[in-house]
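S.K.: Hey, dropping upload_15.pdb in here, PDB, C-alpha atoms:
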ATOM      1  CA  MET W   1     133.082  99.144  52.694  1.00  0.00           C
ATOM      2  CA  PRO W   2     134.602  96.436  50.410  1.00  0.00           C
ATOM      3  CA  ALA W   3     137.175  97.850  48.003  1.00  0.00           C
ATOM      4  CA  GLN W   4     135.258  96.716  44.945  1.00  0.00           C
ATOM      5  CA  ALA W   5     132.209  98.670  46.123  1.00  0.00           C
ATOM      6  CA  TYR W   6     134.058 101.988  46.372  1.00  0.00           C
ATOM      7  CA  ALA W   7     133.356 104.044  43.261  1.00  0.00           C
ATOM      8  CA  GLY W   8     136.083 106.637  43.878  1.00  0.00           C
ATOM      9  CA  LYS W   9     136.269 110.162  45.213  1.00  0.00           C
ATOM     10  CA  GLU W  10     134.459 112.973  43.434  1.00  0.00           C
ATOM     11  CA  CYS W  11     136.742 115.402  41.615  1.00  0.00           C
ATOM     12  CA  VAL W  12     137.050 118.706  43.495  1.00  0.00           C
ATOM     13  CA  CYS W  13     139.368 120.624  41.167  1.00  0.00           C
ATOM     14  CA  GLN W  14     138.863 122.735  38.075  1.00  0.00           C
ATOM     15  CA  LEU W  15     139.475 119.782  35.746  1.00  0.00           C
ATOM     16  CA  ARG W  16     135.997 118.428  36.537  1.00  0.00           C
ATOM     17  CA  ARG W  17     136.947 114.779  35.991  1.00  0.00           C
ATOM     18  CA  GLY W  18     133.792 113.500  37.658  1.00  0.00           C
ATOM     19  CA  ILE W  19     135.615 110.800  39.642  1.00  0.00           C
ATOM     20  CA  CYS W  20     139.105 111.899  40.680  1.00  0.00           C
ATOM     21  CA  ASP W  21     141.850 110.028  38.820  1.00  0.00           C
ATOM     22  CA  GLN W  22     144.729 111.925  40.515  1.00  0.00           C
ATOM     23  CA  SER W  23     146.048 113.054  37.126  1.00  0.00           C
ATOM     24  CA  CYS W  24     146.127 116.664  38.354  1.00  0.00           C
ATOM     25  CA  VAL W  25     148.489 115.829  41.193  1.00  0.00           C
ATOM     26  CA  GLN W  26     151.223 114.494  38.926  1.00  0.00           C
ATOM     27  CA  GLY W  27     151.869 117.982  37.634  1.00  0.00           C
ATOM     28  CA  MET W  28     152.423 119.163  41.209  1.00  0.00           C
ATOM     29  CA  LEU W  29     154.927 116.374  41.840  1.00  0.00           C
ATOM     30  CA  ASP W  30     156.886 117.455  38.768  1.00  0.00           C
ATOM     31  CA  THR W  31     156.851 121.149  39.738  1.00  0.00           C
ATOM     32  CA  PRO W  32     160.090 122.631  41.167  1.00  0.00           C
ATOM     33  CA  PHE W  33     158.779 124.881  43.942  1.00  0.00           C
ATOM     34  CA  TYR W  34     160.553 128.103  44.844  1.00  0.00           C
ATOM     35  CA  ILE W  35     160.886 127.925  48.624  1.00  0.00           C
ATOM     36  CA  ALA W  36     160.573 131.250  50.445  1.00  0.00           C
ATOM     37  CA  CYS W  37     159.718 132.603  53.897  1.00  0.00           C
ATOM     38  CA  LEU W  38     157.012 135.278  53.720  1.00  0.00           C
ATOM     39  CA  LYS W  39     156.846 138.285  56.025  1.00  0.00           C
ATOM     40  CA  LEU W  40     153.126 138.605  56.807  1.00  0.00           C
ATOM     41  CA  THR W  41     153.228 141.287  59.504  1.00  0.00           C
ATOM     42  CA  GLY W  42     150.392 143.694  58.831  1.00  0.00           C
ATOM     43  CA  ARG W  43     149.461 142.114  55.498  1.00  0.00           C
ATOM     44  CA  ARG W  44     145.786 141.309  54.849  1.00  0.00           C
ATOM     45  CA  CYS W  45     145.375 137.540  54.677  1.00  0.00           C
ATOM     46  CA  LEU W  46     141.976 136.133  53.724  1.00  0.00           C
ATOM     47  CA  VAL W  47     140.614 132.795  54.937  1.00  0.00           C
ATOM     48  CA  ILE W  48     137.386 131.539  53.394  1.00  0.00           C
ATOM     49  CA  GLY W  49     135.729 128.848  55.488  1.00  0.00           C
ATOM     50  CA  GLY W  50     135.103 128.710  59.222  1.00  0.00           C
ATOM     51  CA  GLY W  51     135.489 125.012  60.003  1.00  0.00           C
ATOM     52  CA  GLU W  52     138.307 123.153  61.753  1.00  0.00           C
ATOM     53  CA  ILE W  53     140.651 123.523  58.763  1.00  0.00           C
ATOM     54  CA  GLY W  54     139.859 127.221  58.549  1.00  0.00           C
ATOM     55  CA  LEU W  55     140.715 127.515  62.245  1.00  0.00           C
ATOM     56  CA  GLU W  56     144.050 125.795  61.657  1.00  0.00           C
ATOM     57  CA  LYS W  57     144.915 128.188  58.830  1.00  0.00           C
ATOM     58  CA  VAL W  58     143.812 131.264  60.795  1.00  0.00           C
ATOM     59  CA  GLU W  59     145.988 130.281  63.748  1.00  0.00           C
ATOM     60  CA  GLY W  60     148.968 129.712  61.454  1.00  0.00           C
ATOM     61  CA  LEU W  61     148.559 133.188  59.970  1.00  0.00           C
ATOM     62  CA  LEU W  62     148.105 134.804  63.389  1.00  0.00           C
ATOM     63  CA  ALA W  63     151.314 133.135  64.575  1.00  0.00           C
ATOM     64  CA  CYS W  64     153.089 135.076  61.815  1.00  0.00           C
ATOM     65  CA  ASP W  65     151.367 138.402  62.631  1.00  0.00           C
ATOM     66  CA  GLY W  66     149.134 138.388  59.562  1.00  0.00           C
ATOM     67  CA  ALA W  67     146.108 140.707  59.510  1.00  0.00           C
ATOM     68  CA  VAL W  68     143.481 137.995  59.113  1.00  0.00           C
ATOM     69  CA  THR W  69     140.002 138.384  57.669  1.00  0.00           C
ATOM     70  CA  LEU W  70     137.681 135.381  57.864  1.00  0.00           C
ATOM     71  CA  ILE W  71     134.775 135.024  55.453  1.00  0.00           C
ATOM     72  CA  ALA W  72     132.278 132.384  56.556  1.00  0.00           C
ATOM     73  CA  PRO W  73     128.567 132.301  57.446  1.00  0.00           C
ATOM     74  CA  GLN W  74     129.350 130.120  60.480  1.00  0.00           C
ATOM     75  CA  ALA W  75     132.593 129.561  62.361  1.00  0.00           C
ATOM     76  CA  GLU W  76     134.141 127.319  64.968  1.00  0.00           C
ATOM     77  CA  PRO W  77     133.773 128.672  68.536  1.00  0.00           C
ATOM     78  CA  ALA W  78     137.500 129.405  68.686  1.00  0.00           C
ATOM     79  CA  LEU W  79     137.206 131.541  65.560  1.00  0.00           C
ATOM     80  CA  GLU W  80     134.267 133.385  67.080  1.00  0.00           C
ATOM     81  CA  ASP W  81     136.434 134.065  70.121  1.00  0.00           C
ATOM     82  CA  TYR W  82     139.252 135.437  67.945  1.00  0.00           C
ATOM     83  CA  ALA W  83     136.747 137.752  66.260  1.00  0.00           C
ATOM     84  CA  HIS W  84     135.215 138.944  69.535  1.00  0.00           C
ATOM     85  CA  GLU W  85     138.617 139.752  71.010  1.00  0.00           C
ATOM     86  CA  GLY W  86     139.628 141.614  67.851  1.00  0.00           C
ATOM     87  CA  SER W  87     142.386 139.260  66.741  1.00  0.00           C
ATOM     88  CA  ILE W  88     140.661 138.692  63.382  1.00  0.00           C
ATOM     89  CA  ALA W  89     137.984 140.413  61.316  1.00  0.00           C
ATOM     90  CA  TRP W  90     135.014 138.108  60.633  1.00  0.00           C
ATOM     91  CA  GLU W  91     132.677 138.853  57.753  1.00  0.00           C
ATOM     92  CA  GLN W  92     129.790 136.536  58.562  1.00  0.00           C
ATOM     93  CA  ARG W  93     128.619 135.643  55.069  1.00  0.00           C
ATOM     94  CA  GLU W  94     129.415 133.568  51.987  1.00  0.00           C
ATOM     95  CA  TYR W  95     132.263 134.431  49.624  1.00  0.00           C
ATOM     96  CA  ALA W  96     130.894 137.136  47.314  1.00  0.00           C
ATOM     97  CA  GLY W  97     133.432 137.194  44.495  1.00  0.00           C
ATOM     98  CA  ALA W  98     136.601 138.909  43.352  1.00  0.00           C
ATOM     99  CA  GLN W  99     135.846 142.102  45.277  1.00  0.00           C
ATOM    100  CA  ASP W 100     136.463 140.171  48.502  1.00  0.00           C
ATOM    101  CA  LEU W 101     140.118 139.927  47.489  1.00  0.00           C
ATOM    102  CA  ASP W 102     140.627 143.701  47.375  1.00  0.00           C
ATOM    103  CA  GLY W 103     143.736 144.629  49.322  1.00  0.00           C
ATOM    104  CA  ALA W 104     144.562 141.025  50.222  1.00  0.00           C
ATOM    105  CA  PHE W 105     148.082 139.621  50.023  1.00  0.00           C
ATOM    106  CA  MET W 106     146.959 135.998  50.007  1.00  0.00           C
ATOM    107  CA  ALA W 107     143.809 133.918  50.134  1.00  0.00           C
ATOM    108  CA  ILE W 108     143.294 130.480  51.647  1.00  0.00           C
ATOM    109  CA  ALA W 109     140.068 128.653  50.830  1.00  0.00           C
ATOM    110  CA  ALA W 110     139.008 125.973  53.309  1.00  0.00           C
ATOM    111  CA  THR W 111     135.424 125.256  52.318  1.00  0.00           C
ATOM    112  CA  ASP W 112     133.670 122.030  51.344  1.00  0.00           C
ATOM    113  CA  ASP W 113     132.094 123.698  48.302  1.00  0.00           C
ATOM    114  CA  THR W 114     134.019 122.936  45.104  1.00  0.00           C
ATOM    115  CA  ASP W 115     132.425 125.805  43.186  1.00  0.00           C
ATOM    116  CA  VAL W 116     133.445 128.320  45.859  1.00  0.00           C
ATOM    117  CA  ASN W 117     136.975 126.936  46.020  1.00  0.00           C
ATOM    118  CA  ILE W 118     137.383 127.148  42.236  1.00  0.00           C
ATOM    119  CA  ALA W 119     135.991 130.694  42.231  1.00  0.00           C
ATOM    120  CA  VAL W 120     138.460 131.820  44.903  1.00  0.00           C
ATOM    121  CA  TYR W 121     141.342 130.257  42.989  1.00  0.00           C
ATOM    122  CA  GLU W 122     140.374 131.753  39.629  1.00  0.00           C
ATOM    123  CA  ASP W 123     139.658 135.193  41.107  1.00  0.00           C
ATOM    124  CA  ALA W 124     143.021 135.212  42.866  1.00  0.00           C
ATOM    125  CA  GLU W 125     144.905 133.957  39.827  1.00  0.00           C
ATOM    126  CA  ARG W 126     143.498 136.790  37.716  1.00  0.00           C
ATOM    127  CA  ARG W 127     144.939 139.190  40.288  1.00  0.00           C
ATOM    128  CA  ALA W 128     148.307 137.396  40.358  1.00  0.00           C
ATOM    129  CA  MET W 129     148.030 136.953  44.132  1.00  0.00           C
ATOM    130  CA  LEU W 130     148.883 134.040  46.367  1.00  0.00           C
ATOM    131  CA  VAL W 131     146.108 131.463  46.734  1.00  0.00           C
ATOM    132  CA  ASN W 132     145.823 128.064  48.366  1.00  0.00           C
ATOM    133  CA  VAL W 133     142.792 125.793  48.358  1.00  0.00           C
ATOM    134  CA  VAL W 134     143.308 123.328  51.177  1.00  0.00           C
ATOM    135  CA  ASP W 135     143.919 119.723  50.053  1.00  0.00           C
ATOM    136  CA  VAL W 136     143.366 120.547  46.366  1.00  0.00           C
ATOM    137  CA  PRO W 137     146.898 120.933  44.900  1.00  0.00           C
ATOM    138  CA  PRO W 138     145.834 122.044  41.384  1.00  0.00           C
ATOM    139  CA  LEU W 139     143.902 124.925  42.998  1.00  0.00           C
ATOM    140  CA  CYS W 140     147.047 126.327  44.594  1.00  0.00           C
ATOM    141  CA  ASN W 141     149.861 128.534  43.355  1.00  0.00           C
ATOM    142  CA  PHE W 142     151.646 127.985  46.654  1.00  0.00           C
ATOM    143  CA  ILE W 143     151.568 125.103  49.095  1.00  0.00           C
ATOM    144  CA  LEU W 144     151.873 125.133  52.863  1.00  0.00           C
ATOM    145  CA  PRO W 145     154.626 122.851  54.144  1.00  0.00           C
ATOM    146  CA  ALA W 146     154.699 121.236  57.554  1.00  0.00           C
ATOM    147  CA  ILE W 147     156.658 123.579  59.828  1.00  0.00           C
ATOM    148  CA  VAL W 148     158.959 122.824  62.737  1.00  0.00           C
ATOM    149  CA  ARG W 149     159.165 126.043  64.779  1.00  0.00           C
ATOM    150  CA  MET W 150     161.812 126.655  67.415  1.00  0.00           C
ATOM    151  CA  SER W 151     162.128 130.432  67.396  1.00  0.00           C
ATOM    152  CA  PRO W 152     164.106 131.827  65.685  1.00  0.00           C
ATOM    153  CA  LEU W 153     164.465 128.631  63.641  1.00  0.00           C
ATOM    154  CA  ALA W 154     161.817 127.377  61.246  1.00  0.00           C
ATOM    155  CA  ILE W 155     162.226 124.197  59.206  1.00  0.00           C
ATOM    156  CA  ALA W 156     159.796 123.499  56.364  1.00  0.00           C
ATOM    157  CA  ILE W 157     158.954 120.018  55.084  1.00  0.00           C
ATOM    158  CA  SER W 158     157.148 119.620  51.773  1.00  0.00           C
ATOM    159  CA  THR W 159     156.091 116.556  49.797  1.00  0.00           C
ATOM    160  CA  ALA W 160     154.578 118.772  47.048  1.00  0.00           C
ATOM    161  CA  GLY W 161     151.167 117.718  48.289  1.00  0.00           C
ATOM    162  CA  ALA W 162     151.836 114.024  47.696  1.00  0.00           C
ATOM    163  CA  SER W 163     151.584 112.879  51.298  1.00  0.00           C
ATOM    164  CA  PRO W 164     150.752 115.106  54.281  1.00  0.00           C
ATOM    165  CA  ALA W 165     151.082 112.000  56.476  1.00  0.00           C
ATOM    166  CA  LEU W 166     154.713 111.570  55.434  1.00  0.00           C
ATOM    167  CA  ALA W 167     155.392 115.269  56.030  1.00  0.00           C
ATOM    168  CA  LYS W 168     153.906 114.889  59.525  1.00  0.00           C
ATOM    169  CA  ARG W 169     156.205 111.947  60.299  1.00  0.00           C
ATOM    170  CA  MET W 170     159.231 113.860  59.038  1.00  0.00           C
ATOM    171  CA  LYS W 171     158.234 116.851  61.153  1.00  0.00           C
ATOM    172  CA  SER W 172     158.177 114.685  64.279  1.00  0.00           C
ATOM    173  CA  GLU W 173     161.586 113.175  63.500  1.00  0.00           C
ATOM    174  CA  ILE W 174     163.155 116.558  62.718  1.00  0.00           C
ATOM    175  CA  GLU W 175     161.788 118.017  65.970  1.00  0.00           C
ATOM    176  CA  ALA W 176     163.477 115.174  67.860  1.00  0.00           C
ATOM    177  CA  GLN W 177     166.793 115.595  66.040  1.00  0.00           C
ATOM    178  CA  PHE W 178     167.028 119.382  65.848  1.00  0.00           C
ATOM    179  CA  GLY W 179     165.631 120.556  69.140  1.00  0.00           C
ATOM    180  CA  GLU W 180     166.009 123.565  71.381  1.00  0.00           C
ATOM    181  CA  PRO W 181     169.858 123.637  71.423  1.00  0.00           C
ATOM    182  CA  TYR W 182     169.898 124.642  67.761  1.00  0.00           C
ATOM    183  CA  ALA W 183     167.523 127.531  68.411  1.00  0.00           C
ATOM    184  CA  ARG W 184     169.608 128.690  71.373  1.00  0.00           C
ATOM    185  CA  LEU W 185     172.792 128.526  69.294  1.00  0.00           C
ATOM    186  CA  ALA W 186     171.155 130.656  66.593  1.00  0.00           C
ATOM    187  CA  VAL W 187     170.382 133.330  69.204  1.00  0.00           C
ATOM    188  CA  LEU W 188     173.937 133.251  70.568  1.00  0.00           C
ATOM    189  CA  LEU W 189     175.446 133.543  67.092  1.00  0.00           C
ATOM    190  CA  ASN W 190     173.152 136.440  66.281  1.00  0.00           C
ATOM    191  CA  GLU W 191     174.594 138.314  69.260  1.00  0.00           C
ATOM    192  CA  VAL W 192     177.961 138.585  67.470  1.00  0.00           C
ATOM    193  CA  ARG W 193     176.735 139.374  63.956  1.00  0.00           C
ATOM    194  CA  GLY W 194     177.260 143.091  64.584  1.00  0.00           C
ATOM    195  CA  TRP W 195     180.839 142.478  65.728  1.00  0.00           C
ATOM    196  CA  ALA W 196     181.535 140.303  62.696  1.00  0.00           C
ATOM    197  CA  LYS W 197     180.177 142.879  60.249  1.00  0.00           C
ATOM    198  CA  GLY W 198     182.142 145.682  61.909  1.00  0.00           C
ATOM    199  CA  THR W 199     185.411 143.770  62.303  1.00  0.00           C
ATOM    200  CA  LEU W 200     185.738 141.267  59.474  1.00  0.00           C
ATOM    201  CA  ALA W 201     185.947 143.098  56.177  1.00  0.00           C
ATOM    202  CA  SER W 202     184.908 140.415  53.686  1.00  0.00           C
ATOM    203  CA  TYR W 203     182.053 137.968  53.324  1.00  0.00           C
ATOM    204  CA  GLN W 204     184.560 135.112  53.177  1.00  0.00           C
ATOM    205  CA  GLU W 205     186.106 136.122  56.526  1.00  0.00           C
ATOM    206  CA  ARG W 206     182.693 136.295  58.171  1.00  0.00           C
ATOM    207  CA  LYS W 207     181.720 132.943  56.642  1.00  0.00           C
ATOM    208  CA  GLU W 208     184.877 131.291  57.991  1.00  0.00           C
ATOM    209  CA  PHE W 209     184.324 132.832  61.433  1.00  0.00           C
ATOM    210  CA  PHE W 210     180.787 131.507  61.863  1.00  0.00           C
ATOM    211  CA  GLU W 211     181.433 128.136  60.220  1.00  0.00           C
ATOM    212  CA  GLY W 212     184.469 127.678  62.441  1.00  0.00           C
ATOM    213  CA  ILE W 213     182.241 128.036  65.504  1.00  0.00           C
ATOM    214  CA  VAL W 214     179.330 125.937  64.245  1.00  0.00           C
ATOM    215  CA  ASN W 215     181.483 123.088  62.908  1.00  0.00           C
ATOM    216  CA  GLY W 216     184.432 123.376  65.273  1.00  0.00           C
ATOM    217  CA  GLU W 217     185.589 121.754  68.492  1.00  0.00           C
ATOM    218  CA  PRO W 218     184.226 121.689  71.053  1.00  0.00           C
ATOM    219  CA  ASP W 219     180.856 121.221  69.403  1.00  0.00           C
ATOM    220  CA  PRO W 220     178.601 124.109  70.511  1.00  0.00           C
ATOM    221  CA  ILE W 221     175.471 121.951  70.228  1.00  0.00           C
ATOM    222  CA  ALA W 222     177.050 119.358  72.521  1.00  0.00           C
ATOM    223  CA  LEU W 223     177.904 122.095  75.024  1.00  0.00           C
ATOM    224  CA  LEU W 224     174.282 123.243  75.068  1.00  0.00           C
ATOM    225  CA  ARG W 225     172.944 119.694  75.393  1.00  0.00           C
ATOM    226  CA  GLU W 226     175.338 118.475  78.049  1.00  0.00           C
ATOM    227  CA  ASN W 227     175.083 121.408  80.472  1.00  0.00           C
ATOM    228  CA  ASP W 228     172.243 123.205  82.177  1.00  0.00           C
ATOM    229  CA  ARG W 229     170.977 126.260  80.323  1.00  0.00           C
ATOM    230  CA  GLY W 230     173.145 128.863  82.020  1.00  0.00           C
ATOM    231  CA  ALA W 231     176.353 126.828  81.963  1.00  0.00           C
ATOM    232  CA  GLY W 232     175.829 125.697  78.389  1.00  0.00           C
ATOM    233  CA  GLU W 233     175.272 129.198  77.081  1.00  0.00           C
ATOM    234  CA  GLN W 234     178.264 130.516  79.036  1.00  0.00           C
ATOM    235  CA  ALA W 235     180.459 127.779  77.532  1.00  0.00           C
ATOM    236  CA  VAL W 236     179.334 128.724  74.026  1.00  0.00           C
ATOM    237  CA  ARG W 237     179.923 132.418  74.678  1.00  0.00           C
ATOM    238  CA  GLU W 238     183.468 131.575  75.777  1.00  0.00           C
ATOM    239  CA  LEU W 239     183.905 129.514  72.610  1.00  0.00           C
ATOM    240  CA  ILE W 240     182.723 132.468  70.522  1.00  0.00           C
ATOM    241  CA  ALA W 241     185.024 134.861  72.398  1.00  0.00           C
ATOM    242  CA  ARG W 242     188.036 132.651  71.604  1.00  0.00           C
ATOM    243  CA  ALA W 243     187.055 132.645  67.942  1.00  0.00           C
ATOM    244  CA  GLN W 244     186.727 136.419  68.000  1.00  0.00           C
ATOM    245  CA  SER W 245     190.204 136.803  69.480  1.00  0.00           C
ATOM    246  CA  ALA W 246     191.708 134.435  66.922  1.00  0.00           C
ATOM    247  CA  HIS W 247     190.148 136.287  63.985  1.00  0.00           C
ATOM    248  CA  ALA W 248     190.926 139.731  65.417  1.00  0.00           C
ATOM    249  CA  LEU W 249     194.624 138.845  65.410  1.00  0.00           C
ATOM    250  CA  HIS W 250     194.495 138.456  61.636  1.00  0.00           C
ATOM    251  CA  VAL W 251     192.617 141.698  60.926  1.00  0.00           C
TER     252      VAL W 251
END
The structure given in the file should be rewritten as structure tokens.
M.R.:
Amino acid sequence: MPAQAYAGKECVCQLRRGICDQSCVQGMLDTPFYIACLKLTGRRCLVIGGGEIGLEKVEGLLACDGAVTLIAPQAEPALEDYAHEGSIAWEQREYAGAQDLDGAFMAIAATDDTDVNIAVYEDAERRAMLVNVVDVPPLCNFILPAIVRMSPLAIAISTAGASPALAKRMKSEIEAQFGEPYARLAVLLNEVRGWAKGTLASYQERKEFFEGIVNGEPDPIALLRENDRGAGEQAVRELIARAQSAHALHV
């Protein structure tokens, strides 16, 4: 379609501009977001909408052990499978109003119906609960960043909704730069947290101990990258043991 023939995208937020002028997004770009990691285990998380985007959000919540309820008259086959196996609860109907939010920790709306999306947002806001309407920043009180996961590490990338494509590129580059060795080092360092807490009396001593390993020589990341898994981890454990001995002498 020639550019001059394109009339613009219909507004899908509560401002009801008619044709979207992107004025609502500017406020999001100016908003300083409080970044946090939520523990969802056992918490009721509601997803409204059973399409491909709804599937993506359901799988993200399941990966974090959320107790997911899907509300949608129809659903992608994969969502049907999750329901049949008991991984999610599926209420096969339209969103019915604020009562659907009872007991929910968060709600994610992924429908193509602007009125439904606005209703979910407004109902959730009145309850002071977390709500996200996919791809409509002004209908969100939290946004979902792109996530690089290398258990136990998780790195979040946010553009405040300005450009998911840019966030996706950054995710790919971060995955390449901070790969598996960083996750393995985190696990190895966690193994000595108990020793550090029981042996080093102050926060400053513990800080110096761990920073000395992470930023010291030889570089533990290089050891993990340059050796096979077993040899690399053994080399790092020896490095940690030397650091323990050095700090124990000063206790």
S.K.: Just the number, please: distance in Å from atom CA of W:Leu46 to atom CA of W:Pro164, one decimal.
M.R.: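 So the two atoms, atom CA of W:Leu46 and atom CA of W:Pro164, lie 22.8 Å apart.
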S.K.: Padding of 6 Å on every side, edges along x, y and z, all listed atoms of stretch 240-245 of chain W included: what centre and edge lengths in Å, to one decimal, does that box have, as JSON?
M.R.:
{"center_x": 186.5, "center_y": 134.6, "center_z": 70.2, "size_x": 19.5, "size_y": 16.3, "size_z": 16.5}
S.K.: Expanded to explicit residues, what is the PyMOL selection byres ((chain W and resi 63) around 12) for this file, as a count of residues only?
M.R.: 19
S.K.: As a ChimeraX atom specification, please: the residues near stretch 188-193 of chain W (cut-off 12 Å, only C-alpha atoms, same-chain neighbours under 5 positions excluded).
M.R.: /W:152-153,181-183,198-200,203,206-207,209-214,220-221,224,232-241,243-244
S.K.: Of the candidates W:Ile143, W:Ile118, W:Ser245, W:Ser172, which one gets nearest to W:Ser158 if we count all atoms listed in the file?
M.R.: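 Looking at the shortest contact to W:Ser158, the residue is W:Ile143.
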